[in-house]
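run.txt (compact mmCIF, C-alpha atoms)
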# COMPACT_ATOMS: atom_id res chain seq x y z
CA MET A 156 -59.46 -63.37 37.42
CA THR A 157 -57.98 -63.08 33.98
CA GLU A 158 -56.76 -65.88 31.82
CA ALA A 159 -53.08 -64.89 32.27
CA GLU A 160 -53.41 -64.80 36.05
CA LYS A 161 -55.12 -68.16 36.00
CA LYS A 162 -52.30 -69.70 33.96
CA ALA A 163 -49.71 -68.19 36.30
CA LEU A 164 -51.48 -69.66 39.33
CA GLN A 165 -51.68 -73.05 37.68
CA ALA A 166 -47.99 -73.01 36.84
CA LEU A 167 -47.20 -71.96 40.38
CA HIS A 168 -49.46 -74.63 41.78
CA GLU A 169 -47.81 -77.32 39.66
CA LEU A 170 -44.36 -76.22 40.88
CA ASN A 171 -45.22 -75.80 44.51
CA SER A 172 -48.23 -78.07 44.78
CA ASP A 173 -49.63 -75.72 47.36
CA PHE A 174 -49.99 -72.02 47.87
CA GLU A 175 -48.47 -71.95 51.30
CA LYS A 176 -44.93 -71.95 49.96
CA ILE A 177 -45.59 -68.86 47.85
CA ASP A 178 -44.73 -66.53 50.73
CA GLU A 179 -41.56 -68.47 51.42
CA HIS A 180 -40.49 -68.34 47.75
CA TYR A 181 -41.43 -64.71 47.57
CA THR A 182 -39.30 -63.93 50.64
CA ASN A 183 -36.39 -65.94 49.23
CA LEU A 184 -36.65 -64.09 45.94
CA GLN A 185 -36.75 -60.74 47.74
CA ASN A 186 -33.63 -61.69 49.72
CA GLU A 187 -31.89 -62.82 46.54
CA ASN A 188 -32.98 -59.58 44.84
CA GLN A 189 -31.52 -57.54 47.71
CA THR A 190 -28.25 -59.52 47.53
CA LEU A 191 -28.04 -58.98 43.80
CA GLN A 192 -28.91 -55.29 44.16
CA ALA A 193 -26.11 -54.95 46.74
CA LYS A 194 -23.71 -56.57 44.27
CA VAL A 195 -24.92 -54.22 41.52
CA ASP A 196 -24.33 -51.23 43.81
CA GLU A 197 -20.88 -52.55 44.69
CA TYR A 198 -20.04 -53.05 41.00
CA GLU A 199 -21.26 -49.55 40.18
CA ILE A 200 -18.97 -48.15 42.90
CA ASN A 201 -16.09 -50.19 41.45
CA ILE A 202 -16.91 -48.97 37.95
CA ASN A 203 -16.93 -45.34 39.12
CA SER A 204 -13.64 -45.86 40.94
CA LEU A 205 -12.09 -47.49 37.88
CA ASN A 206 -13.35 -44.69 35.64
CA GLU A 207 -11.72 -42.13 37.94
CA GLU A 208 -8.46 -44.10 37.84
CA LYS A 209 -8.74 -44.32 34.06
CA GLU A 210 -9.11 -40.53 33.82
CA GLN A 211 -6.08 -40.04 36.09
CA MET A 212 -4.06 -42.49 34.02
CA GLU A 213 -5.08 -40.72 30.81
CA VAL A 214 -3.85 -37.42 32.28
CA LEU A 215 -0.57 -39.08 33.28
CA LEU A 216 -0.29 -40.65 29.82
CA ASN A 217 -0.81 -37.27 28.16
CA GLU A 218 1.85 -35.71 30.40
CA ALA A 219 4.26 -38.56 29.67
CA THR A 220 3.61 -38.26 25.93
CA GLU A 221 4.25 -34.52 26.06
CA ASN A 222 7.46 -35.07 28.05
CA PHE A 223 8.55 -37.75 25.59
CA THR A 224 7.95 -35.43 22.64
CA ASN A 225 9.88 -32.63 24.34
CA THR A 226 12.71 -35.00 25.20
CA GLU A 227 12.86 -36.27 21.62
CA ALA A 228 13.09 -32.70 20.35
CA THR A 229 15.85 -31.93 22.85
CA ILE A 230 17.77 -35.05 21.84
CA GLU A 231 17.44 -34.13 18.17
CA ASP A 232 18.72 -30.60 18.87
CA LEU A 233 21.62 -31.95 20.91
CA ASN A 234 22.53 -34.44 18.17
CA LYS A 235 22.58 -31.63 15.60
CA GLU A 236 24.76 -29.53 17.89
CA LEU A 237 27.04 -32.52 18.47
CA GLU A 238 27.49 -33.02 14.73
CA GLU A 239 28.29 -29.33 14.27
CA LEU A 240 30.82 -29.50 17.10
CA LYS A 241 32.42 -32.62 15.62
CA GLU A 242 32.76 -30.88 12.27
CA PHE A 243 34.23 -27.80 13.93
CA LYS A 244 36.67 -29.91 15.96
CA LEU A 245 37.73 -31.78 12.82
CA SER A 246 38.35 -28.54 10.93
CA VAL A 247 40.35 -27.07 13.84
CA GLU A 248 42.45 -30.23 14.13
CA THR A 249 42.98 -30.33 10.36
CA ASN A 250 44.07 -26.68 10.32
CA GLU A 251 46.42 -27.34 13.25
CA LYS A 252 47.94 -30.33 11.46
CA LEU A 253 48.35 -28.37 8.22
CA ALA A 254 50.07 -25.58 10.15
CA ILE A 255 52.49 -28.12 11.59
CA ILE A 256 53.15 -29.55 8.14
CA ASP A 257 53.70 -26.04 6.75
CA LYS A 258 56.60 -25.57 9.21
CA TYR A 259 58.46 -28.37 7.44
CA VAL A 260 57.64 -27.43 3.82
CA GLU A 261 61.02 -25.77 3.21
CA LYS A 262 62.99 -28.44 5.08
CA LEU A 263 61.55 -31.64 3.55
CA ASP A 264 60.94 -32.89 0.03
CA GLU A 265 57.57 -32.22 -1.54
CA SER A 266 56.82 -35.97 -1.82
CA VAL A 267 57.33 -36.43 1.92
CA ILE A 268 55.14 -33.38 2.67
CA ASN A 269 52.38 -34.67 0.34
CA GLU A 270 52.52 -38.09 2.00
CA PHE A 271 52.02 -36.50 5.43
CA LYS A 272 49.20 -34.29 4.12
CA GLU A 273 47.38 -37.36 2.78
CA LYS A 274 47.77 -39.23 6.07
CA ALA A 275 47.18 -36.23 8.36
CA ALA A 276 43.81 -37.58 9.52
CA GLU A 277 45.52 -40.70 10.92
CA TYR A 278 47.77 -38.70 13.26
CA THR A 279 47.20 -36.56 16.29
CA ALA A 280 48.89 -33.16 16.15
CA THR A 281 51.65 -34.30 18.54
CA ASP A 282 52.27 -37.55 16.66
CA LEU A 283 52.35 -35.70 13.35
CA GLU A 284 54.96 -33.30 14.66
CA LYS A 285 57.03 -36.22 15.97
CA GLU A 286 56.83 -38.03 12.64
CA LEU A 287 57.77 -34.90 10.70
CA ALA A 288 60.73 -34.28 13.01
CA PHE A 289 61.83 -37.88 12.54
CA ALA A 290 61.50 -37.55 8.77
CA LEU A 291 63.58 -34.37 8.91
CA VAL A 292 66.32 -36.14 10.88
CA LYS A 293 66.17 -39.11 8.53
CA ASN A 294 66.30 -37.03 5.32
CA THR A 295 68.86 -34.44 6.45
CA PRO A 296 71.15 -35.98 9.05
CA ALA A 297 73.74 -33.23 8.59
CA LEU A 298 71.52 -30.85 10.56
CA PHE A 299 71.88 -32.94 13.67
CA THR A 300 75.45 -34.23 13.52
CA ASN A 301 78.60 -32.62 14.82
CA ASP A 302 80.95 -33.91 12.07
CA ALA A 303 82.27 -30.52 11.05
CA ASP A 304 85.66 -29.32 12.33
CA PRO A 305 85.34 -26.93 15.18
CA GLN A 306 85.89 -23.34 14.16
CA LEU A 307 88.83 -21.68 15.83
CA TYR A 308 88.71 -17.96 16.25
CA PRO A 309 91.99 -16.04 16.63
CA LYS A 310 92.38 -14.12 19.77
CA ASP A 311 93.19 -10.47 19.45
CA ASP A 312 96.55 -9.97 21.14
CA ASN A 313 96.29 -6.21 21.28
CA GLU A 314 93.98 -6.22 24.20
CA GLU A 315 95.71 -6.20 27.48
CA THR A 316 94.29 -7.69 30.60
CA GLY A 317 93.93 -5.69 33.80
CA ILE A 318 97.31 -6.80 35.20
CA GLY A 319 98.96 -6.38 31.81
CA ARG A 320 97.90 -2.70 31.66
CA ILE A 321 99.23 -2.03 35.09
CA LEU A 322 102.56 -3.70 34.34
CA SER A 323 102.84 -2.02 30.94
CA LYS A 324 103.23 1.34 32.67
CA TYR A 325 106.51 0.19 34.16
CA GLU A 326 108.08 -1.18 31.04

Please lay out the structure from this file as structure tokens.
Amino acid sequence: MTEAEKKALQALHELNSDFEKIDEHYTNLQNENQTLQAKVDEYEININSLNEEKEQMEVLLNEATENFTNTEATIEDLNKELEELKEFKLSVETNEKLAIIDKYVEKLDESVINEFKEKAAEYTATDLEKELAFALVKNTPALFTNDADPQLYPKDDNEETGIGRILSKYE
């Protein structure tokens, strides 16, 4: 027997005080080892399962990131298009308002026309036309009043009516 084995037996003897309990301790340790090995196997299965879930989640994350990037690009494109459409709408509305104002250039004073041109953005096309019409009525009321004497037109007496022609034959 070697010195190391002798020391191990002495330590075991001091703990157990007899060698008969060695088999019992050995059996208990084997049972505990089996229990722990079963737990290790169970944990390894759980680790493998979690790793598979992690891989699936990484795939889903990559897909979501790609979708998010595509969606951001689409939103950016739509916002650009929206801005272009807003600018186009504004220019169309402005041209429409200026066309309405141009109808009244000869009928209203230049100061009134300039005032409406400056404030054209505040009006809708319909409201602008209403305001211009009101300004026209206000500045030139003679256009819309019936103060003038009615014109009388002489009737031509030379024309004979149907009965008058028939009777004129017998005169």

Any idea what's packed within 12 Å of A:Glu273, counting only C-alpha atoms, ignoring anything in its chain fewer than 4 positions away? Could you give it as a short mmCIF file (atom, residue, chain, number, x, y, z; two decimals) with C-alpha atoms, in the coordinates of the input?
data_model
loop_
_atom_site.label_atom_id
_atom_site.label_comp_id
_atom_site.auth_asym_id
_atom_site.auth_seq_id
_atom_site.Cartn_x
_atom_site.Cartn_y
_atom_site.Cartn_z
CA THR A 249 42.98 -30.33 10.36
CA LYS A 252 47.94 -30.33 11.46
CA LEU A 253 48.35 -28.37 8.22
CA ILE A 256 53.15 -29.55 8.14
CA SER A 266 56.82 -35.97 -1.82
CA VAL A 267 57.33 -36.43 1.92
CA ILE A 268 55.14 -33.38 2.67
CA ASN A 269 52.38 -34.67 0.34
CA GLU A 277 45.52 -40.70 10.92
CA TYR A 278 47.77 -38.70 13.26
CA LEU A 283 52.35 -35.70 13.35
#

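When atom CA of A:Leu287 is paired with atom CA of A:Leu263, their separation reads 8.7 Å.
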
Selected residue of minimal separation from A:Thr281 among A:Ile255, A:Ala166, A:Lys241, A:Thr157, counting only C-alpha atoms
A:Ile255

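For the pair atom CA of A:Ala280 and atom CA of A:Leu245, the separation is 11.7 Å.
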
Kindly give the distance, in Å, that separates atom CA of A:Glu160 and atom CA of A:Leu184, rounded to a single decimal.
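Separating atom CA of A:Glu160 from atom CA of A:Leu184 is a distance of 19.5 Å.
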